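Taking it in order: structure first as structure tokens, then the write-up.
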Amino acid sequence: MKQSVLIMGGSYFIGKHVVEHLKHDVHITVLNRGNKPLNDPLVKERIADRNDQKALHEALKDATFDTVVDISAFTHTHVDTLLDALDETALKRYVLISTSAVYNIDKATAPFKEDDPLGGDSPFKTYAANKIKAENALFNRLNAEQLVILRPPLVYGEDNYVLRERLIFKLLETDQPIYVPKTNNHVSFVYVNDLALHIKDSVLNTVDPGIYNTGERQTYSFFDWVDTCAKVAGKSHHIRWFDPKNPDIKAIDLFPFFAYDLTLDAEKIHKVSHHETPLKKGLENAYQDYQTIKDTIVLPEKMLNARHNMNKK
């Protein structure tokens, strides 16, 4: 008998791919605000803003689920209000998509391992702190044997609405310079379909309960990433290095990653969930997807202003 799975989120980037990979194996219900209906006969859709506790209870009042896949929990309140609205006695597994930003960069050294200290002065600040609270809320409410927590690094691939690789593709195709922090830090990536398949394996019990970093085991410098984007696009890049510590600029406005090493030890997940797409192959797929929407991509105003200020120097 197929299990019943509730996916919080599910219409956009990561969630969309999770639904596609899971919908033939389980009974899926997606809950979100309904801004982008899936209109898929294999997927039930319930509409509620999870920040509205009353609406959440109303949307879930007659449902029970074996598993929750929570892609949209950003605070401990999101976790608590969802569990309050569910029949916890029926719940066998809760899969939370957390983040690599939770690691304490002052007390641990990259590549970060799952048992490294959390917290500290993360460049992601409130986002990271709230994700830690969301993880803790789950451990406070459920047994560890029910929990799978996945901590992805930088997620990329088809449908990525966060302007990262699409931004670089746009700059390459319009023959514009690309400003890169001269620290040339190393980062880890996870291709969205690999992450979706890790989630699928977690739902189908291939992955044991626990906390797992995800991502490709090879890491890349900022230059490597830009250079690979250029290669898959068949373009030449024009890199201009800048000092991210310059007080007159906000580095994140010029380049889509914070200037620190964000690499993960992902050996644990790859022992039980064998999905690892090399960056070049994943970016080739992302570039093909970019071609279908490239006319809609515009540089953010804050980036245009930062680039203008750099050009004046």
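Letters for chains follow the order of the structure tokens (A, B, ...), residue numbers begin at 1 for each chain, and ligand numbers begin at 1 in the order shown.
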Residues of stretch 121-206 of chain A that approach stretch 236-259 of chain A to 10 Å or less, counting only C-alpha atoms: could you list each one with the shortest pair of atoms and its distance in Å to one decimal, rows by chain and increasing residue number, as a tab-separated table?
residue	atom	partner	partner_atom	distance
A:Pro123	CA	A:Phe258	CA	7.0
A:Phe124	CA	A:Phe258	CA	8.5
A:Leu154	CA	A:Phe257	CA	8.9
A:Val162	CA	A:Pro256	CA	9.1
A:Leu163	CA	A:Pro256	CA	7.3
A:Arg164	CA	A:Pro256	CA	5.7
A:Glu165	CA	A:Pro256	CA	8.8
A:Leu167	CA	A:Pro256	CA	8.3
A:Ile168	CA	A:Pro256	CA	9.1
A:Phe169	CA	A:His237	CA	10.0
A:Leu171	CA	A:His237	CA	8.6
A:Leu172	CA	A:His237	CA	6.2
A:Glu173	CA	A:Ser236	CA	9.1
A:Asp175	CA	A:His237	CA	7.6
A:Gln176	CA	A:His238	CA	7.0
A:Pro177	CA	A:His238	CA	4.8
A:Ile178	CA	A:Ile239	CA	4.8
A:Tyr179	CA	A:Arg240	CA	4.8
A:Val180	CA	A:Trp241	CA	5.0
A:Pro181	CA	A:Phe242	CA	5.1
A:Lys182	CA	A:Trp241	CA	5.1
A:Thr183	CA	A:Ala259	CA	6.9
A:Asn184	CA	A:Ala259	CA	7.7
A:Asn185	CA	A:Ala259	CA	6.3
A:His186	CA	A:Ala259	CA	9.0
A:Val187	CA	A:Phe257	CA	8.9
If you run DSSP over the backbone, which residues in stretch 27-218 of chain A end up helix (DSSP H, G or I)? Put them as a PDB file with C-alpha atoms, in the first residue's frame.
ATOM      1  CA  GLN A  53      -2.644  28.911  12.016  1.00  0.00           C
ATOM      2  CA  LYS A  54      -6.421  28.849  11.635  1.00  0.00           C
ATOM      3  CA  ALA A  55      -6.233  28.376   7.854  1.00  0.00           C
ATOM      4  CA  LEU A  56      -3.617  25.647   8.271  1.00  0.00           C
ATOM      5  CA  HIS A  57      -5.823  23.700  10.697  1.00  0.00           C
ATOM      6  CA  GLU A  58      -8.800  24.070   8.374  1.00  0.00           C
ATOM      7  CA  ALA A  59      -6.836  22.830   5.352  1.00  0.00           C
ATOM      8  CA  LEU A  60      -5.579  19.731   7.182  1.00  0.00           C
ATOM      9  CA  HIS A  76      10.338  26.953  14.684  1.00  0.00           C
ATOM     10  CA  THR A  77       6.796  28.355  14.563  1.00  0.00           C
ATOM     11  CA  HIS A  78       6.332  26.808  11.128  1.00  0.00           C
ATOM     12  CA  VAL A  79       7.211  23.415  12.572  1.00  0.00           C
ATOM     13  CA  ASP A  80       5.120  23.751  15.724  1.00  0.00           C
ATOM     14  CA  THR A  81       1.978  25.029  14.015  1.00  0.00           C
ATOM     15  CA  LEU A  82       2.156  22.306  11.375  1.00  0.00           C
ATOM     16  CA  LEU A  83       2.526  19.546  13.961  1.00  0.00           C
ATOM     17  CA  ASP A  84      -0.337  21.070  15.941  1.00  0.00           C
ATOM     18  CA  ALA A  85      -2.514  20.787  12.831  1.00  0.00           C
ATOM     19  CA  GLU A  88       0.979  13.119  15.131  1.00  0.00           C
ATOM     20  CA  THR A  89       0.009   9.572  16.062  1.00  0.00           C
ATOM     21  CA  ALA A  90      -0.168   8.654  12.364  1.00  0.00           C
ATOM     22  CA  SER A 100      24.338  24.344   5.257  1.00  0.00           C
ATOM     23  CA  ALA A 101      24.173  27.899   6.622  1.00  0.00           C
ATOM     24  CA  VAL A 102      23.544  26.523  10.139  1.00  0.00           C
ATOM     25  CA  THR A 126      18.456  35.456  10.762  1.00  0.00           C
ATOM     26  CA  TYR A 127      17.833  32.801   8.121  1.00  0.00           C
ATOM     27  CA  ALA A 128      20.456  30.481   9.618  1.00  0.00           C
ATOM     28  CA  ALA A 129      19.362  31.125  13.198  1.00  0.00           C
ATOM     29  CA  ASN A 130      15.734  30.356  12.346  1.00  0.00           C
ATOM     30  CA  LYS A 131      16.635  27.138  10.537  1.00  0.00           C
ATOM     31  CA  ILE A 132      18.490  25.961  13.652  1.00  0.00           C
ATOM     32  CA  LYS A 133      15.382  26.699  15.717  1.00  0.00           C
ATOM     33  CA  ALA A 134      13.261  24.760  13.228  1.00  0.00           C
ATOM     34  CA  GLU A 135      15.558  21.738  13.563  1.00  0.00           C
ATOM     35  CA  ASN A 136      15.425  21.990  17.367  1.00  0.00           C
ATOM     36  CA  ALA A 137      11.626  22.261  17.334  1.00  0.00           C
ATOM     37  CA  LEU A 138      11.426  18.926  15.543  1.00  0.00           C
ATOM     38  CA  PHE A 139      13.680  17.211  18.066  1.00  0.00           C
ATOM     39  CA  ASN A 140      11.559  18.688  20.856  1.00  0.00           C
ATOM     40  CA  ARG A 141       8.303  17.409  19.365  1.00  0.00           C
ATOM     41  CA  ALA A 144      14.815  11.131  16.585  1.00  0.00           C
ATOM     42  CA  GLU A 145      13.809   7.851  14.895  1.00  0.00           C
ATOM     43  CA  GLN A 146      11.151   9.783  12.961  1.00  0.00           C
ATOM     44  CA  GLU A 165      23.583  30.609 -12.389  1.00  0.00           C
ATOM     45  CA  ARG A 166      20.867  32.385 -14.391  1.00  0.00           C
ATOM     46  CA  LEU A 167      22.447  35.691 -13.411  1.00  0.00           C
ATOM     47  CA  ILE A 168      25.865  34.596 -14.628  1.00  0.00           C
ATOM     48  CA  PHE A 169      24.367  33.255 -17.864  1.00  0.00           C
ATOM     49  CA  LYS A 170      22.736  36.653 -18.424  1.00  0.00           C
ATOM     50  CA  LEU A 171      26.004  38.519 -17.857  1.00  0.00           C
ATOM     51  CA  LEU A 172      27.835  36.125 -20.173  1.00  0.00           C
ATOM     52  CA  GLU A 173      25.292  36.397 -22.971  1.00  0.00           C
ATOM     53  CA  VAL A 192      18.251  20.128  -7.640  1.00  0.00           C
ATOM     54  CA  ASN A 193      17.391  16.697  -9.030  1.00  0.00           C
ATOM     55  CA  ASP A 194      19.987  15.052  -6.787  1.00  0.00           C
ATOM     56  CA  LEU A 195      18.471  16.791  -3.770  1.00  0.00           C
ATOM     57  CA  ALA A 196      14.995  15.708  -4.865  1.00  0.00           C
ATOM     58  CA  LEU A 197      16.209  12.118  -5.148  1.00  0.00           C
ATOM     59  CA  HIS A 198      17.802  12.281  -1.684  1.00  0.00           C
ATOM     60  CA  ILE A 199      14.403  13.427  -0.424  1.00  0.00           C
ATOM     61  CA  LYS A 200      12.690  10.591  -2.291  1.00  0.00           C
ATOM     62  CA  ASP A 201      15.056   8.064  -0.722  1.00  0.00           C
ATOM     63  CA  SER A 202      14.335   9.584   2.692  1.00  0.00           C
ATOM     64  CA  VAL A 203      10.601   9.188   2.148  1.00  0.00           C
TER      65      VAL A 203
END
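Proximity ranking of A:His21, A:Asn205, A:Leu262, A:Ser11 relative to A:Lys36 places A:Ser11 first, based on only C-alpha atoms.
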Which residue out of A:Met310, A:Ile269, A:Val18, A:Val232 has the minimum interatomic distance to A:Tyr290 when only C-alpha atoms are used?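 The shortest atom-to-atom distance to A:Tyr290 comes from A:Val232.
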Report as a PyMOL selection string all protein, DNA and RNA residues lying within 9 Å of A:Gln3, evaluated on only C-alpha atoms, omitting residues in the same chain fewer than 2 positions from it. chain A and resi 1+5+25-28+65-67+204
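Of the listed residues A:Arg33, A:His24, A:Lys302, A:Lys16, the one whose atoms come nearest to A:Asp52 is A:Arg33, with distances taken using only C-alpha atoms.
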Work out how far apart atom CA of A:Leu38 and atom CA of A:Tyr287 are and give it in Å to one decimal.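 Atom-to-atom, atom CA of A:Leu38 and atom CA of A:Tyr287 are spaced 23.5 Å apart.
Atom pair atom CA of A:Tyr94 / atom CA of A:Asp265: separated by 23.0 Å.
Using only C-alpha atoms, the nearest neighbour of A:Glu276 within the list A:Asn35, A:Gln218, A:Asn51, A:Thr296 is A:Gln218.
The space separating atom CA of A:Thr292 from atom CA of A:Phe189 comes to 22.9 Å.
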Per-residue DSSP, stretch 65-176 of chain A, filtered to strand (DSSP E), as a ChimeraX atom specification: /A:67-70,93-97,147-151,154-156
Suppose we keep N, CA and C atoms; can you now write the selection as a tab-separated table (two decimals), in the first residue's frame?
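Output contents, as saved in selection-v4.tsv:
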chain	number	residue	atom	x	y	z
A	67	THR	N	4.04	10.58	6.17
A	67	THR	CA	5.30	11.31	6.06
A	67	THR	C	5.04	12.77	5.71
A	68	VAL	N	5.85	13.64	6.28
A	68	VAL	CA	5.87	15.06	5.90
A	68	VAL	C	7.22	15.36	5.26
A	69	VAL	N	7.19	16.02	4.12
A	69	VAL	CA	8.39	16.59	3.51
A	69	VAL	C	8.24	18.10	3.61
A	70	ASP	N	9.06	18.71	4.45
A	70	ASP	CA	8.90	20.14	4.75
A	70	ASP	C	10.00	20.94	4.08
A	93	ARG	N	7.32	9.63	9.70
A	93	ARG	CA	8.59	10.26	9.32
A	93	ARG	C	8.37	11.72	8.95
A	94	TYR	N	9.32	12.54	9.31
A	94	TYR	CA	9.31	13.97	8.98
A	94	TYR	C	10.66	14.29	8.35
A	95	VAL	N	10.64	14.73	7.11
A	95	VAL	CA	11.86	15.08	6.38
A	95	VAL	C	11.92	16.60	6.27
A	96	LEU	N	12.89	17.20	6.93
A	96	LEU	CA	13.05	18.65	6.92
A	96	LEU	C	14.20	19.04	6.02
A	97	ILE	N	13.96	19.99	5.14
A	97	ILE	CA	15.04	20.55	4.32
A	97	ILE	C	15.59	21.76	5.05
A	147	LEU	N	12.94	11.30	12.29
A	147	LEU	CA	13.43	12.51	11.63
A	147	LEU	C	14.56	12.26	10.65
A	148	VAL	N	14.44	12.86	9.49
A	148	VAL	CA	15.55	13.00	8.55
A	148	VAL	C	15.70	14.50	8.28
A	149	ILE	N	16.87	15.02	8.57
A	149	ILE	CA	17.16	16.44	8.32
A	149	ILE	C	18.26	16.51	7.27
A	150	LEU	N	17.95	17.15	6.15
A	150	LEU	CA	18.90	17.30	5.06
A	150	LEU	C	19.41	18.74	5.05
A	151	ARG	N	20.72	18.89	4.99
A	151	ARG	CA	21.34	20.22	4.96
A	151	ARG	C	22.04	20.42	3.61
A	154	LEU	N	24.61	25.12	-1.72
A	154	LEU	CA	23.99	25.96	-2.75
A	154	LEU	C	23.28	25.09	-3.77
A	155	VAL	N	21.98	25.27	-3.89
A	155	VAL	CA	21.16	24.45	-4.78
A	155	VAL	C	21.06	25.16	-6.13
A	156	TYR	N	21.21	24.40	-7.21
A	156	TYR	CA	21.12	24.99	-8.55
A	156	TYR	C	20.39	24.02	-9.47
Find the residues around A:Ala110 up to 8 Å (only C-alpha atoms counted), leave out those fewer than 5 positions away in its own chain, and share them as a VMD selection string. chain A and resid 105 261 to 264
Would you save the residues of that selection, restricted to C-alpha atoms, as a short mmCIF file (atom, residue, chain, number, x, y, z; two decimals), in the first residue's frame?
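Full text of result-v2.cif as output:
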data_model
loop_
_atom_site.label_atom_id
_atom_site.label_comp_id
_atom_site.auth_asym_id
_atom_site.auth_seq_id
_atom_site.Cartn_x
_atom_site.Cartn_y
_atom_site.Cartn_z
CA ILE A 105 32.07 29.28 10.97
CA ASP A 261 34.22 28.98 2.41
CA LEU A 262 30.96 27.05 2.45
CA THR A 263 31.93 23.45 1.76
CA LEU A 264 30.41 20.31 3.20
#
So that I can check the surroundings of A:Lys113, please list as a count of residues only every protein, DNA and RNA residue that reaches within 9 Å of it, counting only C-alpha atoms and ignoring chain neighbours fewer than 5 positions away. 7
